[in-house]
Amino acid sequence: MKIVVVGGTGLIGSQVVRRLDEQGHEVTAAALSTGVDLLTGAGLDRALAGAEVVVNLTNSPTFDEASVAFFQASMDHLLAASRKAGAGHVVILSIVGVERVPELDYYRAKVLQEDLLKAGGIPYSIVRATQFMEFADAVLSWTTDGGTVRLPRTPLQPIAAADVAAAVAEVAAGTPLDGTLNIAGPEVFPLDELGRVTVAAHRDGRQVVVDDTAGMFAVVKGDVLIAPEGARIASTHYRDWLAS
């Protein structure tokens with residue numbers, strides 16, 4: 001199939017492109033670096049011409065209220081160009097439990113993205129993943145003050161980006177779900193414990209302390225970001241990923 005991956009040069013997108021190429025599909029990576037701007041629509045019709053499947057892995061540059069406008073504009077342009085191209089399947093990547101954290105602007109923006117896709121009139125698939133293992137260092141940096149990292153006890157179920165990319169590639173090459181696939185890592189960690197495991201692996205000497213008011217995950221109540229029943233559980237464990 002001819003598959004276009006918008007955002008195909010990023011952390012997930014580049015791996016999705018590689019996997020689909022190895023499977024024998026005609027796959028193209030579209031991104032700002034290739035002249036495609038999803039926010040303005042520039043270059044999109046050209047990039048999607050003849051595409052049978054469109055995978056959207058672009059992301060808002062911010063996590064604040066501006067992310068709502070980003071996903072509104074980017075999905076409007078993507079869906080219009082996909083319809084023009086005659087694409088029969090549009091895939092996006094979202095977040096497990098995203099509709100259960102309306103306090104976060106970014107999560108509300110991702111819900112909007114899902115809703116726009118569902119109403120777009122094109123067969124679709126949504127892959128919802130838990131938090132990426134690759135982002136753990138960034139999460140710790142947000143609440144680091146000198147030698148101390150303050151983290152809430154929010155339960156997370158981290159997944160490796162490679163496992164996310166494998167699922168997205170599989171879905172993109174398959175029949176549209178017209179629904180959602182949830183994927184997650186095999187272990188649940190309170191965020192403070194995840195921080196201690198990470199700091200120990202890096203041997204950087206920071207001390208992790210519990211602060212249920214610290215960082216963006218402080219607003220998450222209970223286990224709403226944990227994979228629901230029936231989710232696909234990936235095989236990569238966090239400590240193994242850290243050691244690799």
# chains A, B, ... in the order shown; residues from 1 in each chain; ligands from 1
>>> residues_around(residues="Asp204 in chain A", least_positions_apart="3", cutoff="12 Å", atoms="only C-alpha atoms", output="ChimeraX atom specification")
/A:137,146-149,195-201,207-208
>>> residues_around(residues="Leu177 in chain A", least_positions_apart="6", cutoff="10 Å", atoms="only C-alpha atoms", output="JSON list (two decimals) with N, CA, C and O atoms, in the first residue's frame")
[["chain", "number", "residue", "atom", "x", "y", "z"],
["A", 89, "HIS", "N", -8.07, 5.23, 5.00],
["A", 89, "HIS", "CA", -7.74, 4.89, 6.39],
["A", 89, "HIS", "C", -6.85, 6.00, 6.95],
["A", 89, "HIS", "O", -5.81, 6.33, 6.37],
["A", 91, "VAL", "N", -4.93, 7.14, 10.60],
["A", 91, "VAL", "CA", -4.49, 6.62, 11.90],
["A", 91, "VAL", "C", -3.88, 7.75, 12.71],
["A", 91, "VAL", "O", -3.09, 8.55, 12.17],
["A", 123, "PRO", "N", -12.72, 6.07, 7.19],
["A", 123, "PRO", "CA", -12.40, 4.98, 8.12],
["A", 123, "PRO", "C", -11.12, 5.31, 8.89],
["A", 123, "PRO", "O", -10.17, 5.84, 8.32],
["A", 124, "TYR", "N", -11.11, 4.98, 10.17],
["A", 124, "TYR", "CA", -10.02, 5.46, 11.03],
["A", 124, "TYR", "C", -9.60, 4.40, 12.04],
["A", 124, "TYR", "O", -10.31, 3.43, 12.30],
["A", 125, "SER", "N", -8.46, 4.66, 12.64],
["A", 125, "SER", "CA", -7.96, 3.88, 13.78],
["A", 125, "SER", "C", -7.28, 4.84, 14.74],
["A", 125, "SER", "O", -6.55, 5.73, 14.32],
["A", 126, "ILE", "N", -7.52, 4.63, 16.03],
["A", 126, "ILE", "CA", -6.84, 5.37, 17.09],
["A", 126, "ILE", "C", -6.02, 4.39, 17.90],
["A", 126, "ILE", "O", -6.56, 3.39, 18.40],
["A", 127, "VAL", "N", -4.73, 4.63, 18.02],
["A", 127, "VAL", "CA", -3.87, 3.85, 18.91],
["A", 127, "VAL", "C", -3.60, 4.72, 20.13],
["A", 127, "VAL", "O", -3.03, 5.81, 20.01],
["A", 171, "VAL", "N", -1.27, -1.47, 12.86],
["A", 171, "VAL", "CA", -2.61, -0.93, 12.64],
["A", 171, "VAL", "C", -2.70, -0.23, 11.29],
["A", 171, "VAL", "O", -3.69, -0.38, 10.56]]
>>> select_by_dssp(residues="range 127-180 of chain A", states="strand (DSSP E or B)", output="JSON, numbers by chain")
{"A": [127, 128, 129, 132, 144, 145, 148, 149, 150, 151, 155, 156, 159, 180]}
>>> write_last_selection(atoms="C-alpha atoms", output="tab-separated table (two decimals), in the first residue's frame")
chain	number	residue	atom	x	y	z
A	127	VAL	CA	-3.87	3.85	18.91
A	128	ARG	CA	-3.79	4.95	22.54
A	129	ALA	CA	-0.49	4.42	24.36
A	132	PHE	CA	6.74	6.63	26.75
A	144	THR	CA	14.19	18.89	39.76
A	145	ASP	CA	15.51	21.53	42.12
A	148	THR	CA	16.09	16.90	44.66
A	149	VAL	CA	13.36	15.59	42.37
A	150	ARG	CA	9.80	16.10	43.56
A	151	LEU	CA	7.27	13.66	42.13
A	155	PRO	CA	0.51	5.43	38.83
A	156	LEU	CA	2.00	5.15	35.32
A	159	ILE	CA	5.88	1.72	27.29
A	180	THR	CA	-9.38	2.34	19.51
>>> residues_around(residues="Glu22 in chain A", least_positions_apart="5", cutoff="12 Å", atoms="only C-alpha atoms", output="PyMOL selection string")
chain A and resi 15-17+27+166+169+173
>>> residues_around(residues="Ile122 in chain A", least_positions_apart="5", cutoff="12 Å", atoms="only C-alpha atoms", output="mmCIF file with N, CA and C atoms, in the first residue's frame")
data_model
loop_
_atom_site.group_PDB
_atom_site.id
_atom_site.type_symbol
_atom_site.label_atom_id
_atom_site.label_comp_id
_atom_site.auth_asym_id
_atom_site.auth_seq_id
_atom_site.Cartn_x
_atom_site.Cartn_y
_atom_site.Cartn_z
ATOM 1 N N GLU A 52 -3.156 5.694 0.203
ATOM 2 C CA GLU A 52 -4.239 4.811 0.638
ATOM 3 C C GLU A 52 -4.441 4.897 2.142
ATOM 4 N N VAL A 53 -3.338 5.127 2.867
ATOM 5 C CA VAL A 53 -3.370 5.233 4.326
ATOM 6 C C VAL A 53 -2.583 6.474 4.730
ATOM 7 N N VAL A 54 -3.145 7.236 5.673
ATOM 8 C CA VAL A 54 -2.455 8.399 6.221
ATOM 9 C C VAL A 54 -2.304 8.203 7.727
ATOM 10 N N LEU A 78 -5.486 17.947 7.734
ATOM 11 C CA LEU A 78 -5.189 16.550 7.420
ATOM 12 C C LEU A 78 -6.398 15.843 6.823
ATOM 13 N N LEU A 79 -7.554 16.029 7.422
ATOM 14 C CA LEU A 79 -8.750 15.334 6.946
ATOM 15 C C LEU A 79 -9.171 15.836 5.567
ATOM 16 N N ALA A 80 -9.067 17.140 5.341
ATOM 17 C CA ALA A 80 -9.415 17.682 4.031
ATOM 18 C C ALA A 80 -8.492 17.121 2.951
ATOM 19 N N ALA A 81 -7.201 17.082 3.242
ATOM 20 C CA ALA A 81 -6.235 16.559 2.266
ATOM 21 C C ALA A 81 -6.401 15.055 2.073
ATOM 22 N N SER A 82 -6.736 14.340 3.128
ATOM 23 C CA SER A 82 -6.944 12.894 3.028
ATOM 24 C C SER A 82 -8.157 12.580 2.169
ATOM 25 N N ARG A 83 -9.240 13.349 2.349
ATOM 26 C CA ARG A 83 -10.426 13.156 1.507
ATOM 27 C C ARG A 83 -10.100 13.457 0.053
ATOM 28 N N LYS A 84 -9.353 14.512 -0.192
ATOM 29 C CA LYS A 84 -8.971 14.882 -1.553
ATOM 30 C C LYS A 84 -8.121 13.798 -2.207
ATOM 31 N N ALA A 85 -7.271 13.174 -1.407
ATOM 32 C CA ALA A 85 -6.395 12.117 -1.924
ATOM 33 C C ALA A 85 -7.128 10.788 -2.121
ATOM 34 N N GLY A 86 -8.324 10.666 -1.529
ATOM 35 C CA GLY A 86 -9.059 9.412 -1.610
ATOM 36 C C GLY A 86 -8.566 8.357 -0.649
ATOM 37 N N ALA A 87 -7.902 8.789 0.422
ATOM 38 C CA ALA A 87 -7.382 7.829 1.408
ATOM 39 C C ALA A 87 -8.537 7.074 2.057
ATOM 40 N N GLY A 88 -8.288 5.793 2.329
ATOM 41 C CA GLY A 88 -9.319 4.955 2.928
ATOM 42 C C GLY A 88 -9.073 4.602 4.373
ATOM 43 N N HIS A 89 -8.068 5.232 4.999
ATOM 44 C CA HIS A 89 -7.736 4.892 6.386
ATOM 45 C C HIS A 89 -6.854 5.999 6.955
ATOM 46 N N VAL A 90 -7.261 6.578 8.062
ATOM 47 C CA VAL A 90 -6.446 7.572 8.759
ATOM 48 C C VAL A 90 -6.182 7.064 10.172
ATOM 49 N N VAL A 91 -4.927 7.135 10.597
ATOM 50 C CA VAL A 91 -4.490 6.622 11.896
ATOM 51 C C VAL A 91 -3.884 7.754 12.707
ATOM 52 N N LEU A 116 -12.425 14.803 16.275
ATOM 53 C CA LEU A 116 -12.394 15.279 14.894
ATOM 54 C C LEU A 116 -12.175 14.122 13.926
ATOM 55 N N LEU A 117 -11.310 13.199 14.293
ATOM 56 C CA LEU A 117 -11.068 12.043 13.441
ATOM 57 C C LEU A 117 -12.324 11.186 13.307
ATOM 58 N N PRO A 176 -9.054 -0.778 8.853
ATOM 59 C CA PRO A 176 -9.396 0.262 9.832
ATOM 60 C C PRO A 176 -10.199 -0.297 10.999
ATOM 61 N N LEU A 177 -9.832 0.137 12.197
ATOM 62 C CA LEU A 177 -10.514 -0.339 13.397
ATOM 63 C C LEU A 177 -11.867 0.341 13.575
ATOM 64 N N ASP A 178 -11.987 1.569 13.059
ATOM 65 C CA ASP A 178 -13.134 2.427 13.394
ATOM 66 C C ASP A 178 -13.374 2.359 14.894
#
>>> select_by_dssp(residues="range 1-163 of chain A", states="alpha helix (DSSP H)", output="NGL selection string")
:A and (11-22 or 44-48 or 66-85 or 105-118 or 136-142 or 161-163)
>>> closest_residue(among="A:Val6, A:Leu104, A:Leu44, A:Leu225", to="Thr62 in chain A", atoms="only C-alpha atoms")
A:Leu104
>>> atom_distance(atom1="CA of Asp105 in chain A", atom2="CA of Met133 in chain A")
21.8 Å
>>> closest_residue(among="A:Ile226, A:Val139, A:Ala162, A:Leu48", to="Phe189 in chain A", atoms="only C-alpha atoms")
A:Ile226
>>> closest_residue(among="A:Ile183, A:Val5, A:Ala231, A:Ile92", to="Phe71 in chain A", atoms="only C-alpha atoms")
A:Ile92
>>> atom_distance(atom1="CA of Val4 in chain A", atom2="CA of Ala109 in chain A")
23.2 Å
>>> closest_residue(among="A:Leu57, A:Ser33, A:Lys110, A:Arg46", to="Phe70 in chain A", atoms="only C-alpha atoms")
A:Lys110
>>> closest_residue(among="A:Tyr238, A:Tyr107, A:Phe217, A:Trp142", to="Pro158 in chain A", atoms="only C-alpha atoms")
A:Tyr238
>>> atom_distance(atom1="CA of Val68 in chain A", atom2="CA of Pro228 in chain A")
25.4 Å
>>> residues_around(residues="Gly7 in chain A", least_positions_apart="4", cutoff="8 Å", atoms="only C-alpha atoms", output="PDB file with C-alpha atoms, in the first residue's frame")
ATOM      1  CA  GLY A  13       7.292   8.331  13.147  1.00  0.00           C
ATOM      2  CA  ALA A  29       7.703  10.440   5.641  1.00  0.00           C
ATOM      3  CA  ALA A  30       6.117  13.899   5.580  1.00  0.00           C
ATOM      4  CA  ALA A  31       7.340  16.604   7.953  1.00  0.00           C
ATOM      5  CA  ASN A  56      -0.669  11.372  11.676  1.00  0.00           C
ATOM      6  CA  LEU A  57       2.085  11.392  14.303  1.00  0.00           C
ATOM      7  CA  THR A  58       2.604  15.138  14.544  1.00  0.00           C
ATOM      8  CA  ASN A  59       2.465  16.730  17.955  1.00  0.00           C
TER       9      ASN A  59
END
